[in-house]
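Chemist: If you scroll down you'll find the structure; I have some questions about it.
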Amino acid sequence: MFRTRFAPSPTGELHIGGLRTALFTYLVARQSGGTFLLRIEDTDRKRFDPHSADHIQEALRWAGLEWDEGPIFQSQRLPHYQQAAAELVARGAAYPCFCTPARLDEMRQEQTRQKQPPRYDGRCRGMDLAERQRLLTDGAPHTIRQAVPETGITTFHDIIYGTISFRNEEIDDSVLLKSDGFPTYHLAHMVDDHLMRITHVIRGEEWLPSAPKHVLLYQAFGWEAPVLCHLPSILAGGGQGKLSKRHGAVSVISYMQEGYLPDALINFLALLGWSPGDDREFFSKDELVAAFSLEKVSHSGAVFNREKLDFFNGSYLRRKTLRELADLVLPYLIEADFPLGDGPRPDPSLLLALASVQDRLRKLSEAPELLSFYFHEPLYQAALLIPKKSNAAEIRQTMNASLEALRNLDDFTSSSLESTLRGVIERQGWKSGTVLWPIRAALTGREASPGAFEVLAALGKERSLVRLERALDKLETMA
RNA sequence: GCCCCCAUAGUCUAGUGGCCGAGGACAUCGCCCUUUCAAGGCGAAGACGGCGGUUCAAUUCCGCCUGGGGGUACCA
């Protein structure tokens, strides 16, 4: 029964990398029958975005990652952190620092000039106790800094990376409590993880270098540290392959708006840095819960590959029933201002139209473009009606024959349309292309589109005949 | 600069010393199907970064180099 948490800072919208972290965190909790908690780490008042927490929750919900506890806001738990900081000072693991931002800035510039690693020089750490007490009682502004041991090695175990150690002398005395009384991440997250009985800290690898600070803090408190797990980054992949050049960090909401299905995104993201160890690639969320394990997460960063995401999305879209697809696509058609009529919303002809494009759809936002000829008379050049290796005279002939056969046909279903037109083709001994290509071109105005029978059926007899007659007119004026 | 992490095809990955003359997926190319484009089926091309070790045997272990990523804030 593990307790895990996703702990984003509310500084903007949830990004793809954050969603993957949330997913892995969620999976660990679910597969143990444990608890997944959402904690908003809003301890930076400068970067705080008031809408961010809502956006993050919306994105998580859309993705299907429901949390069991929270959201908990750190800004409402200040006393916990202040008390913890005081405790640390009492234990000698932290100390008040009265250095001003200006002095710190100057100090770092000097260090950089001398080609030394920029870090706190320890001025207030060695301060005379009487002096410290005097400043404190005077109410001098100060922060609380971690007193990192000057010698020794801090070692910890990461589920993914294994044993990692740092020389304590390399670790800086970070600020734990800011002068405004807010904690920094270093203090807040570990205090909360302890108080909330978190068993697994799962976060991005950008935290790896500061992990020893946190381990030291757990030791100072005498608390048992949770299992640590750092996830490899998702990379943008600039400059190498042609397929990877326009990938970047993008917000989850934008994928939602572009018409990616949450299940497809989740499936894709799960495979970015994790694999089951065999050749399976399609996973429902439940299957992920069953198969996932942190031990199988890879150690190296993964480039975000949108082509593969599109493949997954198309694949998930193809599994939808037509009614499901209609519900999904409708908002995009409305957005595109298509004349949808007054009838029942997923009307039969819309379902037929959708069926004709389902195989070509990679994301929902492509639907208006793929379906436009069903809603608007197509504009095209007469030459489009004539396939290669044919001519206007021949096409006029086949079109007239097709038109006549179609006028006499009442059952406008794909199958009866097919047998009727194949009958025409066979009787006249024509090549099927000379009959079918011009019909399809006349109906869609496109070089590439769904097949003639499907379009005929979806458009219906009346509208089909109008378009075919118009095409014939075009052919006449051509000659 | 210093510290940490990483390294199988364009991309995501399988692989824990011999089963690898390296498996799967996306993308690419070809063929089939076919009125077009997709989808689908079949097939092709494509990788163990380099150099040294260890070993009877290294993609797998070790070191160095190179390359990539991250950190170095009163941001997370």
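By convention here, the chains of the structure tokens are called A, B, ... in the order presented, each chain's residues are numbered starting at 1, and ligands are numbered starting at 1 in the order presented.
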So that I can check the surroundings of His200 of chain A, please list as a PyMOL selection string every protein, DNA and RNA residue that reaches within 8 Å of it, counting only C-alpha atoms (C1' of nucleotides) and ignoring chain neighbours fewer than 4 positions away.

Modeler: chain A and resi 2-5+226-229

Chemist: Need the shell around segment 57-72 of chain B: protein/DNA/RNA residues with any atom at most 9 Å away, counting only C-alpha atoms (C1' of nucleotides). Skip same-chain ones fewer than 5 positions apart. Format as a ChimeraX atom specification?

Modeler: /A:117-119,172,205-210,232-233,235,300-301 /B:2-8,15-18,20,22,48-52

Chemist: Only C-alpha atoms (C1' of nucleotides), please: the residues just picked out, written as a PDB file, in the first residue's frame.

Modeler:
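Writing done, so here's result.pdb:
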```pdb
ATOM      1  CA  PRO A 117      32.161  27.258  -8.096  1.00  0.00           C
ATOM      2  CA  PRO A 118      29.551  29.777  -6.946  1.00  0.00           C
ATOM      3  CA  ARG A 119      28.265  28.842  -3.533  1.00  0.00           C
ATOM      4  CA  ASP A 172      26.025  24.100  -0.869  1.00  0.00           C
ATOM      5  CA  GLU A 205      16.000  13.891 -12.795  1.00  0.00           C
ATOM      6  CA  GLU A 206      16.650  17.617 -12.473  1.00  0.00           C
ATOM      7  CA  TRP A 207      16.299  16.913  -8.743  1.00  0.00           C
ATOM      8  CA  LEU A 208      19.090  14.387  -8.623  1.00  0.00           C
ATOM      9  CA  PRO A 209      21.817  16.914  -7.740  1.00  0.00           C
ATOM     10  CA  SER A 210      19.826  18.244  -4.785  1.00  0.00           C
ATOM     11  CA  PRO A 232      14.981  10.604 -17.045  1.00  0.00           C
ATOM     12  CA  SER A 233      14.048  13.759 -18.930  1.00  0.00           C
ATOM     13  CA  LEU A 235      14.082  15.670 -24.680  1.00  0.00           C
ATOM     14  CA  SER A 300      18.586   7.915 -20.533  1.00  0.00           C
ATOM     15  CA  GLY A 301      16.493  10.825 -21.712  1.00  0.00           C
TER      16      GLY A 301
ATOM     17  C1'   C B   2      32.814  22.572 -10.786  1.00  0.00           C
ATOM     18  C1'   C B   3      29.323  18.476  -9.518  1.00  0.00           C
ATOM     19  C1'   C B   4      25.776  14.582 -10.945  1.00  0.00           C
ATOM     20  C1'   C B   5      23.436  11.396 -14.593  1.00  0.00           C
ATOM     21  C1'   C B   6      23.304   9.013 -19.345  1.00  0.00           C
ATOM     22  C1'   A B   7      25.143   6.496 -24.180  1.00  0.00           C
ATOM     23  C1'   U B   8      21.751  -0.056 -29.098  1.00  0.00           C
ATOM     24  C1'   G B  15      18.896  -7.108 -24.452  1.00  0.00           C
ATOM     25  C1'   U B  16      22.408  -8.090 -17.725  1.00  0.00           C
ATOM     26  C1'   G B  17      29.201 -12.583 -20.923  1.00  0.00           C
ATOM     27  C1'   G B  18      28.278 -17.240 -25.252  1.00  0.00           C
ATOM     28  C1'   C B  20      22.967 -11.445 -31.055  1.00  0.00           C
ATOM     29  C1'   A B  22      21.297  -7.757 -32.156  1.00  0.00           C
ATOM     30  C1'   C B  48      25.697  -1.769 -30.200  1.00  0.00           C
ATOM     31  C1'   G B  49      29.943   6.418 -30.229  1.00  0.00           C
ATOM     32  C1'   G B  50      35.733   5.786 -30.012  1.00  0.00           C
ATOM     33  C1'   C B  51      40.142   3.673 -27.697  1.00  0.00           C
ATOM     34  C1'   G B  52      42.169   0.594 -24.216  1.00  0.00           C
TER      35        G B  52
END
```

Chemist: Mind checking which residues fall within 12 Å of Glu404 of chain A, counting only C-alpha atoms (C1' of nucleotides), ignoring those fewer than 4 positions away in the same chain, and posting them as a list in words?

Modeler: Gln397, Thr398, Met399, Asn400, Asn408, Leu409, Thr420, Leu421, Val424, Leu465, Leu468 and Glu469 of chain A

Chemist: Give me, as a PDB file with N, CA, C and O atoms (P, O5', C5', C4', C3', O3' and C1' of nucleotides), in the first residue's frame, all polymer residues having an atom no more than 12 Å from Lys388 of chain A, counting only C-alpha atoms (C1' of nucleotides) and skipping those fewer than 4 positions away in the same chain.

Modeler:
```
ATOM      1  N   ALA A 383     -10.362  19.632 -65.169  1.00  0.00           N
ATOM      2  CA  ALA A 383      -9.325  18.648 -65.496  1.00  0.00           C
ATOM      3  C   ALA A 383      -9.201  17.559 -64.441  1.00  0.00           C
ATOM      4  O   ALA A 383      -8.770  16.446 -64.724  1.00  0.00           O
ATOM      5  N   LEU A 384      -9.612  17.885 -63.228  1.00  0.00           N
ATOM      6  CA  LEU A 384      -9.526  16.906 -62.157  1.00  0.00           C
ATOM      7  C   LEU A 384     -10.389  15.678 -62.451  1.00  0.00           C
ATOM      8  O   LEU A 384     -10.109  14.578 -61.990  1.00  0.00           O
ATOM      9  N   ALA A 392     -11.476  13.813 -72.144  1.00  0.00           N
ATOM     10  CA  ALA A 392     -12.777  14.395 -71.839  1.00  0.00           C
ATOM     11  C   ALA A 392     -13.914  13.630 -72.510  1.00  0.00           C
ATOM     12  O   ALA A 392     -14.950  13.374 -71.903  1.00  0.00           O
ATOM     13  N   GLU A 394     -14.138  10.508 -73.400  1.00  0.00           N
ATOM     14  CA  GLU A 394     -14.402   9.216 -72.771  1.00  0.00           C
ATOM     15  C   GLU A 394     -15.100   9.394 -71.435  1.00  0.00           C
ATOM     16  O   GLU A 394     -16.049   8.672 -71.105  1.00  0.00           O
ATOM     17  N   ILE A 395     -14.630  10.383 -70.661  1.00  0.00           N
ATOM     18  CA  ILE A 395     -15.206  10.605 -69.342  1.00  0.00           C
ATOM     19  C   ILE A 395     -16.653  11.090 -69.433  1.00  0.00           C
ATOM     20  O   ILE A 395     -17.507  10.710 -68.633  1.00  0.00           O
ATOM     21  N   GLY A 433     -11.374   2.585 -63.371  1.00  0.00           N
ATOM     22  CA  GLY A 433     -10.910   3.934 -63.095  1.00  0.00           C
ATOM     23  C   GLY A 433     -11.614   5.002 -63.912  1.00  0.00           C
ATOM     24  O   GLY A 433     -11.858   6.110 -63.414  1.00  0.00           O
ATOM     25  N   THR A 434     -11.960   4.664 -65.131  1.00  0.00           N
ATOM     26  CA  THR A 434     -12.608   5.671 -65.981  1.00  0.00           C
ATOM     27  C   THR A 434     -14.013   5.984 -65.511  1.00  0.00           C
ATOM     28  O   THR A 434     -14.559   7.032 -65.814  1.00  0.00           O
ATOM     29  N   TRP A 437     -13.154   7.090 -60.915  1.00  0.00           N
ATOM     30  CA  TRP A 437     -12.364   8.294 -60.614  1.00  0.00           C
ATOM     31  C   TRP A 437     -13.194   9.574 -60.823  1.00  0.00           C
ATOM     32  O   TRP A 437     -13.260  10.419 -59.927  1.00  0.00           O
ATOM     33  N   PRO A 438     -13.822   9.753 -61.991  1.00  0.00           N
ATOM     34  CA  PRO A 438     -14.561  11.010 -62.183  1.00  0.00           C
ATOM     35  C   PRO A 438     -15.715  11.186 -61.201  1.00  0.00           C
ATOM     36  O   PRO A 438     -16.003  12.312 -60.789  1.00  0.00           O
ATOM     37  N   GLU A 447      -8.102  15.209 -55.216  1.00  0.00           N
ATOM     38  CA  GLU A 447      -7.196  14.205 -55.756  1.00  0.00           C
ATOM     39  C   GLU A 447      -7.258  12.946 -54.875  1.00  0.00           C
ATOM     40  O   GLU A 447      -7.247  11.829 -55.357  1.00  0.00           O
TER      41      GLU A 447
ATOM     42  P     U B  35     -10.347  -0.609 -58.508  1.00  0.00           P
ATOM     43  O5'   U B  35      -9.728   0.844 -58.612  1.00  0.00           O
ATOM     44  C5'   U B  35      -9.333   1.368 -59.890  1.00  0.00           C
ATOM     45  C4'   U B  35      -9.319   2.856 -59.828  1.00  0.00           C
ATOM     46  C3'   U B  35      -8.619   3.438 -58.612  1.00  0.00           C
ATOM     47  O3'   U B  35      -7.228   3.532 -58.832  1.00  0.00           O
ATOM     48  C1'   U B  35     -10.703   4.517 -58.920  1.00  0.00           C
ATOM     49  P     U B  36      -6.240   3.405 -57.645  1.00  0.00           P
ATOM     50  O5'   U B  36      -6.194   4.873 -57.042  1.00  0.00           O
ATOM     51  C5'   U B  36      -5.658   5.962 -57.813  1.00  0.00           C
ATOM     52  C4'   U B  36      -5.760   7.228 -56.995  1.00  0.00           C
ATOM     53  C3'   U B  36      -5.167   7.137 -55.606  1.00  0.00           C
ATOM     54  O3'   U B  36      -3.775   7.397 -55.643  1.00  0.00           O
ATOM     55  C1'   U B  36      -7.303   8.133 -55.492  1.00  0.00           C
TER      56        U B  36
END
```

Chemist: I need the chain A residues near chain B as an NGL selection string; criterion: at most 8 Å, counting only C-alpha atoms (C1' of nucleotides).

Modeler: :A and (9 or 44 or 47 or 101 or 115-119 or 143 or 170 or 175 or 177-179 or 185 or 205-210 or 233 or 240-244 or 271-273 or 275 or 277-279 or 281 or 299-303 or 305 or 307-308 or 311 or 359-360 or 432-437 or 440 or 447-452)

Chemist: With distances taken over only C-alpha atoms, which of A:Arg467, A:Lys363, A:Arg306, A:Arg123 is nearest to Glu258 of chain A?

Modeler: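 Ranked by minimum distance to Glu258 of chain A, first place goes to A:Lys363.
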
Chemist: Taking only C-alpha atoms into account, which of A:Met127, A:Ala401, A:His80, A:Phe282 comes nearest Gly423 of chain A?

Modeler: A:Ala401

Chemist: Would you mind writing down, as a ChimeraX atom specification, each residue of segment 200-234 of chain A that DSSP on the backbone assigns to strand (DSSP E or B)?

Modeler: /A:200-204,227-231,234

Chemist: What's around segment 339-355 of chain A at 7 Å? Count only C-alpha atoms (C1' of nucleotides), leave out sequence neighbours fewer than 3 positions away in its own chain, and write the answer as a ChimeraX atom specification.

Modeler: /A:322-323,326,358,375,458-459

Chemist: For N, CA and C atoms, I'd like the residues from the last selection saved as a PDB file, in the first residue's frame.

Modeler:
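Result written to result38.pdb:
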```pdb
ATOM      1  N   LEU A 322     -18.721   4.429 -34.359  1.00  0.00           N
ATOM      2  CA  LEU A 322     -19.054   5.658 -35.084  1.00  0.00           C
ATOM      3  C   LEU A 322     -19.764   6.666 -34.203  1.00  0.00           C
ATOM      4  N   ARG A 323     -20.574   6.162 -33.291  1.00  0.00           N
ATOM      5  CA  ARG A 323     -21.277   7.099 -32.400  1.00  0.00           C
ATOM      6  C   ARG A 323     -20.289   7.790 -31.468  1.00  0.00           C
ATOM      7  N   ALA A 326     -18.513  10.317 -33.462  1.00  0.00           N
ATOM      8  CA  ALA A 326     -19.369  11.483 -33.731  1.00  0.00           C
ATOM      9  C   ALA A 326     -19.335  12.444 -32.539  1.00  0.00           C
ATOM     10  N   GLN A 358     -12.674   7.580 -41.092  1.00  0.00           N
ATOM     11  CA  GLN A 358     -12.113   7.088 -39.823  1.00  0.00           C
ATOM     12  C   GLN A 358     -10.678   6.573 -39.970  1.00  0.00           C
ATOM     13  N   PHE A 375     -19.945  18.902 -46.478  1.00  0.00           N
ATOM     14  CA  PHE A 375     -20.741  20.037 -46.023  1.00  0.00           C
ATOM     15  C   PHE A 375     -20.774  21.196 -47.008  1.00  0.00           C
ATOM     16  N   ALA A 458     -22.922   8.363 -48.349  1.00  0.00           N
ATOM     17  CA  ALA A 458     -22.996   9.340 -47.274  1.00  0.00           C
ATOM     18  C   ALA A 458     -23.661  10.632 -47.737  1.00  0.00           C
ATOM     19  N   LEU A 459     -23.400  10.996 -48.975  1.00  0.00           N
ATOM     20  CA  LEU A 459     -23.969  12.225 -49.524  1.00  0.00           C
ATOM     21  C   LEU A 459     -25.463  12.067 -49.815  1.00  0.00           C
TER      22      LEU A 459
END
```
